[in-house]
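Structure file final33.csv; described as CSV, C-alpha atoms.
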chain,number,residue,atom,x,y,z
A,70,CYS,CA,138.4,120.4,59.6
A,71,SER,CA,136.8,122.0,62.6
A,72,ARG,CA,133.9,124.5,62.3
A,73,ASN,CA,134.5,126.0,65.7
A,74,SER,CA,138.0,127.4,65.5
A,75,ARG,CA,139.5,130.4,63.7
A,76,GLN,CA,142.0,128.2,61.8
A,77,GLN,CA,140.9,125.1,59.9
A,78,ARG,CA,142.2,121.9,61.5
A,79,VAL,CA,142.8,118.6,59.9
A,80,VAL,CA,143.2,115.5,62.0
A,81,ALA,CA,144.8,112.5,60.2
A,82,CYS,CA,145.2,109.1,61.9
A,83,GLU,CA,147.7,106.7,60.4
A,84,PRO,CA,149.1,103.7,62.3
A,85,VAL,CA,151.6,102.5,59.7
A,86,PRO,CA,155.0,104.2,60.6
A,87,ASN,CA,156.4,104.7,57.1
A,88,ILE,CA,153.1,106.0,55.8
A,89,ALA,CA,152.8,108.4,58.7
A,90,ASP,CA,156.4,109.5,58.1
A,91,THR,CA,155.6,110.3,54.4
A,92,LEU,CA,152.4,112.1,55.4
A,93,GLU,CA,154.2,114.4,57.9
A,94,ARG,CA,157.0,115.0,55.4
A,95,ASN,CA,154.6,116.0,52.6
A,96,CYS,CA,152.7,118.3,55.0
A,97,ARG,CA,155.9,120.1,56.0
A,98,ARG,CA,157.0,120.5,52.3
A,99,ASN,CA,153.6,121.9,51.3
A,100,GLY,CA,153.1,124.2,54.3
A,101,PHE,CA,150.1,122.3,55.6
A,102,ASP,CA,150.5,123.5,59.2
A,103,GLU,CA,146.9,122.8,60.1
A,104,VAL,CA,147.3,119.0,59.7
A,105,GLU,CA,147.8,117.0,62.9
A,106,VAL,CA,149.1,113.4,62.3
A,107,HIS,CA,148.2,110.8,65.0
A,108,ARG,CA,150.1,107.5,64.7
A,109,ILE,CA,147.2,105.4,65.8
A,110,ALA,CA,144.4,103.2,64.5
A,111,LEU,CA,140.7,104.1,65.0
A,112,GLY,CA,138.0,101.9,66.3
A,113,ALA,CA,135.1,101.6,68.7
A,114,ARG,CA,137.2,101.8,71.8
A,115,GLN,CA,140.7,102.2,73.2
A,116,ALA,CA,142.7,99.1,72.9
A,117,GLN,CA,146.0,97.5,71.8
A,118,VAL,CA,145.4,95.8,68.4
A,119,MET,CA,147.4,94.0,65.7
A,120,LEU,CA,147.7,95.4,62.2
A,121,ALA,CA,148.2,93.1,59.2
A,122,LEU,CA,150.3,94.8,56.6
A,123,ASN,CA,149.9,94.4,52.8
A,124,SER,CA,153.1,93.9,50.9
A,125,GLU,CA,151.5,94.7,47.6
A,126,ASN,CA,149.5,97.7,48.8
A,127,PRO,CA,151.3,99.8,51.5
A,128,GLY,CA,148.0,101.5,52.3
A,129,GLY,CA,146.1,98.3,52.6
A,130,GLY,CA,147.0,97.4,56.2
A,131,ARG,CA,144.0,96.4,58.4
A,132,VAL,CA,143.2,95.5,62.0
A,133,ALA,CA,143.4,91.6,62.3
A,134,ASP,CA,144.2,89.0,64.9
A,135,PHE,CA,146.9,87.6,62.7
A,136,GLY,CA,148.6,90.9,62.2
A,137,THR,CA,152.3,91.5,63.0
A,138,LEU,CA,152.4,95.2,63.9
A,139,PRO,CA,151.1,96.1,67.4
A,140,VAL,CA,149.4,99.6,67.3
A,141,HIS,CA,147.3,101.7,69.7
A,142,MET,CA,143.7,102.1,68.8
A,143,PHE,CA,141.4,104.9,70.0
A,144,ALA,CA,137.8,106.0,69.3
A,145,LEU,CA,137.6,109.2,67.2
A,146,ASP,CA,135.5,110.7,69.9
A,147,GLN,CA,138.6,110.5,72.2
A,148,ILE,CA,140.9,112.1,69.6
A,149,ILE,CA,138.9,115.2,68.5
A,150,ALA,CA,137.1,115.7,71.8
A,151,ASP,CA,134.5,118.5,71.4
A,152,ALA,CA,135.5,119.6,67.9
A,153,ARG,CA,132.7,119.8,65.3
A,154,PRO,CA,134.3,118.5,62.0
A,155,ALA,CA,132.9,119.4,58.7
A,156,LEU,CA,133.9,116.2,57.0
A,157,ILE,CA,135.2,112.7,58.0
A,158,LYS,CA,137.0,110.5,55.5
A,159,ILE,CA,137.3,106.8,56.3
A,160,ASP,CA,139.4,104.2,54.5
A,161,VAL,CA,140.2,101.4,56.9
A,162,GLU,CA,140.0,98.1,54.9
A,163,GLY,CA,136.9,96.6,56.4
A,164,HIS,CA,137.0,98.3,59.8
A,165,GLU,CA,134.5,101.0,58.9
A,166,LEU,CA,131.7,100.1,61.2
A,167,GLU,CA,134.0,100.0,64.2
A,168,VAL,CA,135.3,103.5,63.4
A,169,LEU,CA,131.8,104.8,63.0
A,170,ARG,CA,130.8,103.4,66.4
A,171,GLY,CA,133.7,105.1,68.0
A,172,ALA,CA,132.6,108.4,66.4
A,173,ASN,CA,129.1,108.4,68.0
A,174,ARG,CA,129.4,111.8,69.6
A,175,THR,CA,131.3,113.3,66.7
A,176,LEU,CA,128.5,112.3,64.3
A,177,ASP,CA,126.1,114.4,66.4
A,178,ALA,CA,127.7,117.4,64.7
A,179,GLU,CA,126.4,116.0,61.4
A,180,PRO,CA,129.7,116.1,59.3
A,181,VAL,CA,129.7,114.8,55.7
A,182,VAL,CA,131.1,111.2,55.8
A,183,VAL,CA,133.1,109.9,52.9
A,184,LEU,CA,134.1,106.2,53.1
A,185,GLU,CA,135.5,103.4,51.1
A,186,TYR,CA,134.2,100.0,52.2
A,187,ASN,CA,134.9,96.4,51.1
A,188,ARG,CA,132.3,93.9,50.2
A,189,GLY,CA,131.4,91.9,53.3
A,190,PRO,CA,128.6,91.0,55.8
A,191,HIS,CA,129.0,94.3,57.6
A,192,ARG,CA,128.1,96.3,54.5
A,193,LYS,CA,124.4,96.6,55.3
A,194,ARG,CA,125.1,97.4,58.9
A,195,ILE,CA,127.2,100.3,57.8
A,196,PHE,CA,124.4,101.6,55.6
A,197,ARG,CA,121.8,101.1,58.4
A,198,TYR,CA,124.0,102.8,61.0
A,199,LEU,CA,124.3,105.9,59.0
A,200,SER,CA,120.7,105.9,57.8
A,201,ASP,CA,119.4,105.6,61.3
A,202,ARG,CA,121.3,108.8,62.1
A,203,GLY,CA,119.5,110.7,59.3
A,204,TYR,CA,122.1,110.4,56.6
A,205,SER,CA,121.3,110.1,52.9
A,206,LEU,CA,123.7,107.7,51.2
A,207,TYR,CA,125.1,108.0,47.7
A,208,ILE,CA,127.7,106.1,45.7
A,209,VAL,CA,130.2,107.8,43.5
A,210,SER,CA,129.9,106.0,40.2
A,211,ASP,CA,132.4,105.4,37.4
A,212,ALA,CA,130.7,108.3,35.6
A,213,LEU,CA,131.7,110.6,38.5
A,214,ALA,CA,128.1,111.2,39.5
A,215,PHE,CA,126.3,110.8,42.8
A,216,ASN,CA,123.8,107.9,42.6
A,217,TRP,CA,121.2,107.4,45.3
A,218,LEU,CA,122.1,104.2,47.3
A,219,ARG,CA,119.2,101.8,47.4
A,220,MET,CA,118.9,98.7,49.6
A,221,PRO,CA,119.6,95.9,49.1
A,222,TYR,CA,122.6,96.9,47.0
A,223,VAL,CA,125.1,94.6,45.3
A,224,THR,CA,128.5,96.3,44.8
A,225,PRO,CA,131.9,95.7,43.4
A,226,ASP,CA,134.7,94.7,45.9
A,227,PHE,CA,135.3,98.3,46.7
A,228,GLU,CA,132.9,101.3,46.7
A,229,ASN,CA,133.0,104.9,47.7
A,230,ILE,CA,130.1,106.2,49.7
A,231,VAL,CA,129.2,109.8,50.4
A,232,ALA,CA,126.8,110.2,53.4
A,233,VAL,CA,125.1,113.6,53.5
A,234,PRO,CA,123.4,114.8,56.7
A,235,LYS,CA,120.0,116.3,56.8
A,236,ARG,CA,121.3,119.8,57.3
A,237,LEU,CA,123.0,119.6,53.9
A,238,ALA,CA,120.5,117.6,51.9
A,239,HIS,CA,119.7,120.6,49.8
A,240,ILE,CA,123.1,120.6,48.1
A,241,VAL,CA,122.7,117.2,46.6
A,242,SER,CA,120.4,117.7,43.6
A,243,PRO,CA,120.4,116.8,39.9
A,244,ALA,CA,122.1,120.1,39.3
A,245,THR,CA,125.0,119.6,41.7
A,246,ALA,CA,125.3,115.9,41.7
A,247,ILE,CA,127.5,115.9,38.6
A,248,ASP,CA,129.6,118.9,39.6
A,249,TYR,CA,130.9,117.9,43.0
A,250,PRO,CA,132.5,114.6,42.1
A,251,HIS,CA,134.3,116.2,39.1
A,252,LEU,CA,135.5,118.9,41.5
A,253,LEU,CA,136.7,116.2,44.0
A,254,LEU,CA,138.6,114.4,41.2
A,255,TRP,CA,140.2,117.7,40.1
A,256,LEU,CA,141.2,118.5,43.7
A,257,ARG,CA,143.0,115.1,43.9
A,258,TYR,CA,145.4,116.0,41.1
A,259,ALA,CA,145.6,119.8,41.4
A,260,PRO,CA,148.7,121.5,42.8
A,261,PRO,CA,148.5,121.3,46.6
A,262,ARG,CA,148.2,125.0,47.4
A,263,MET,CA,145.6,125.6,44.6
A,264,ALA,CA,143.6,122.6,45.7
A,265,ARG,CA,143.6,123.8,49.3
A,266,GLN,CA,142.4,127.3,48.2
A,267,VAL,CA,139.6,125.9,46.0
A,268,GLY,CA,138.6,123.4,48.7
A,269,ASN,CA,138.3,126.2,51.3
A,270,PHE,CA,136.2,128.2,48.9
A,271,VAL,CA,133.8,125.2,48.4
A,272,LEU,CA,133.6,124.7,52.2
A,273,ARG,CA,132.7,128.4,52.7
A,274,LYS,CA,130.0,128.1,50.0
A,275,LEU,CA,128.5,125.2,51.8
A,276,GLY,CA,128.7,126.9,55.1
A,277,LEU,CA,131.1,124.3,56.5
A,278,SER,CA,134.1,126.6,57.4
A,279,HIS,CA,134.4,129.1,60.2
A,280,LYS,CA,134.2,132.7,59.3
A,281,PRO,CA,136.4,134.8,61.6
A,282,ALA,CA,134.6,137.5,63.6
A,283,ASP,CA,135.1,141.1,62.5
What do you get writing this file as structure tokens?
Amino acid sequence: CSRNSRQQRVVACEPVPNIADTLERNCRRNGFDEVEVHRIALGARQAQVMLALNSENPGGGRVADFGTLPVHMFALDQIIADARPALIKIDVEGHELEVLRGANRTLDAEPVVVLEYNRGPHRKRIFRYLSDRGYSLYIVSDALAFNWLRMPYVTPDFENIVAVPKRLAHIVSPATAIDYPHLLLWLRYAPPRMARQVGNFVLRKLGLSHKPAD
């Protein structure tokens, strides 16, 4: 969501048509008017690319030369222009580094970055790219706690990373590290309107949401 507007704004990018349809339908049913759905892929630049679909996992489509679905790809910097997001969530099946490179200007606003990545040769490049921009990197463990990410790091096939910018380094401490992942898990399964209200409260506490002028 943006930190420089009166109303919070959520920008969602989903290139798979049936998943984008479901997302838009769920937003309408739950009254999430602040969500904008863009039917595109994200990457380092604007291009026409092929998406390989996964029949066993509808959300597992990925950009690949052998793909069968042509989609438009844009850089995140192009999509959100001068907005200053509070948080970026990335789950792109191995295309993470390209998405980050296309968000170079957006990362100047120091949003929190949450991403899932797959094991591969680009793993350390992802870590280095974020570390070089001043981010502290944490994994979310099975115990739902933040663990400091040390390099070199051997991971399972999938891992969730939370990248915290310098301006928010003070919120990740032994006292808060356990609480926040539990809260995130609760938000995932809570009723939509309740989850949104609690999520907004947390953002305000962290100074990430806009406070309307008097």
Would you mind listing what lies within 12 Å of Arg174 of chain A as a list in words, with all atoms listed in the file counted and same-chain residues fewer than 4 positions away left out?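 Final neighbour list, sorted by chain and number: Ala113, Ala144, Leu145, Asp146, Gln147, Ile148, Ile149, Ala150, Asp151, Ala152, Arg153, Pro154, Val168, Leu169, Arg170, Ala178, Glu179, Pro180 and Arg202 of chain A.
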For Asn123 of chain A, which residue out of A:Leu138, A:Cys96, A:Leu156, A:Val183 is the nearest one, using all atoms listed in the file? A:Leu138
Show me the residues around (150.8, 120.3, 60.8) - criterion: an atom at most 12 Å away, all atoms listed in the file counted - as a list of chain:residue names.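 Every residue inside that radius is included here: A:Gln76, A:Gln77, A:Arg78, A:Val79, A:Val80, A:Ala81, A:Leu92, A:Glu93, A:Arg94, A:Asn95, A:Cys96, A:Arg97, A:Arg98, A:Asn99, A:Gly100, A:Phe101, A:Asp102, A:Glu103, A:Val104, A:Glu105, A:Val106, A:His107.
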Quick one: residues within 9 Å of Ala110 of chain A, all atoms listed in the file counted, chain neighbours fewer than 3 positions away excluded, as JSON, numbers by chain? {"A": [82, 83, 84, 85, 107, 118, 120, 132, 140, 141, 142, 143, 144, 161]}
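The nearest approach to Ala116 of chain A among the residues A:Gly163, A:Pro86, A:Gly203, A:Pro139, with only C-alpha atoms taken into account, belongs to A:Pro139.
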Which value, in Å to one decimal, gives the distance between atom CA of Val182 of chain A and atom CA of Gly112 of chain A? 15.6 Å
Need to verify the contact set: Gly129 of chain A, 10 Å, all atoms listed in the file, exclusion of same-chain residues closer than 3 positions in sequence. Can you return it as a ChimeraX atom specification? /A:85,121-126,160-162
Could you tell me how far atom CA of Ile195 of chain A lies from atom CA of Pro127 of chain A, in Å and to one decimal?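 Pair atom CA of Ile195 of chain A / atom CA of Pro127 of chain A returns 24.9 Å.
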So the first atom is atom CA of Pro234 of chain A and the second is atom CA of Leu166 of chain A; what is the distance between them in Å, to one decimal place?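 Atom-to-atom, atom CA of Pro234 of chain A to atom CA of Leu166 of chain A, that is 17.5 Å.
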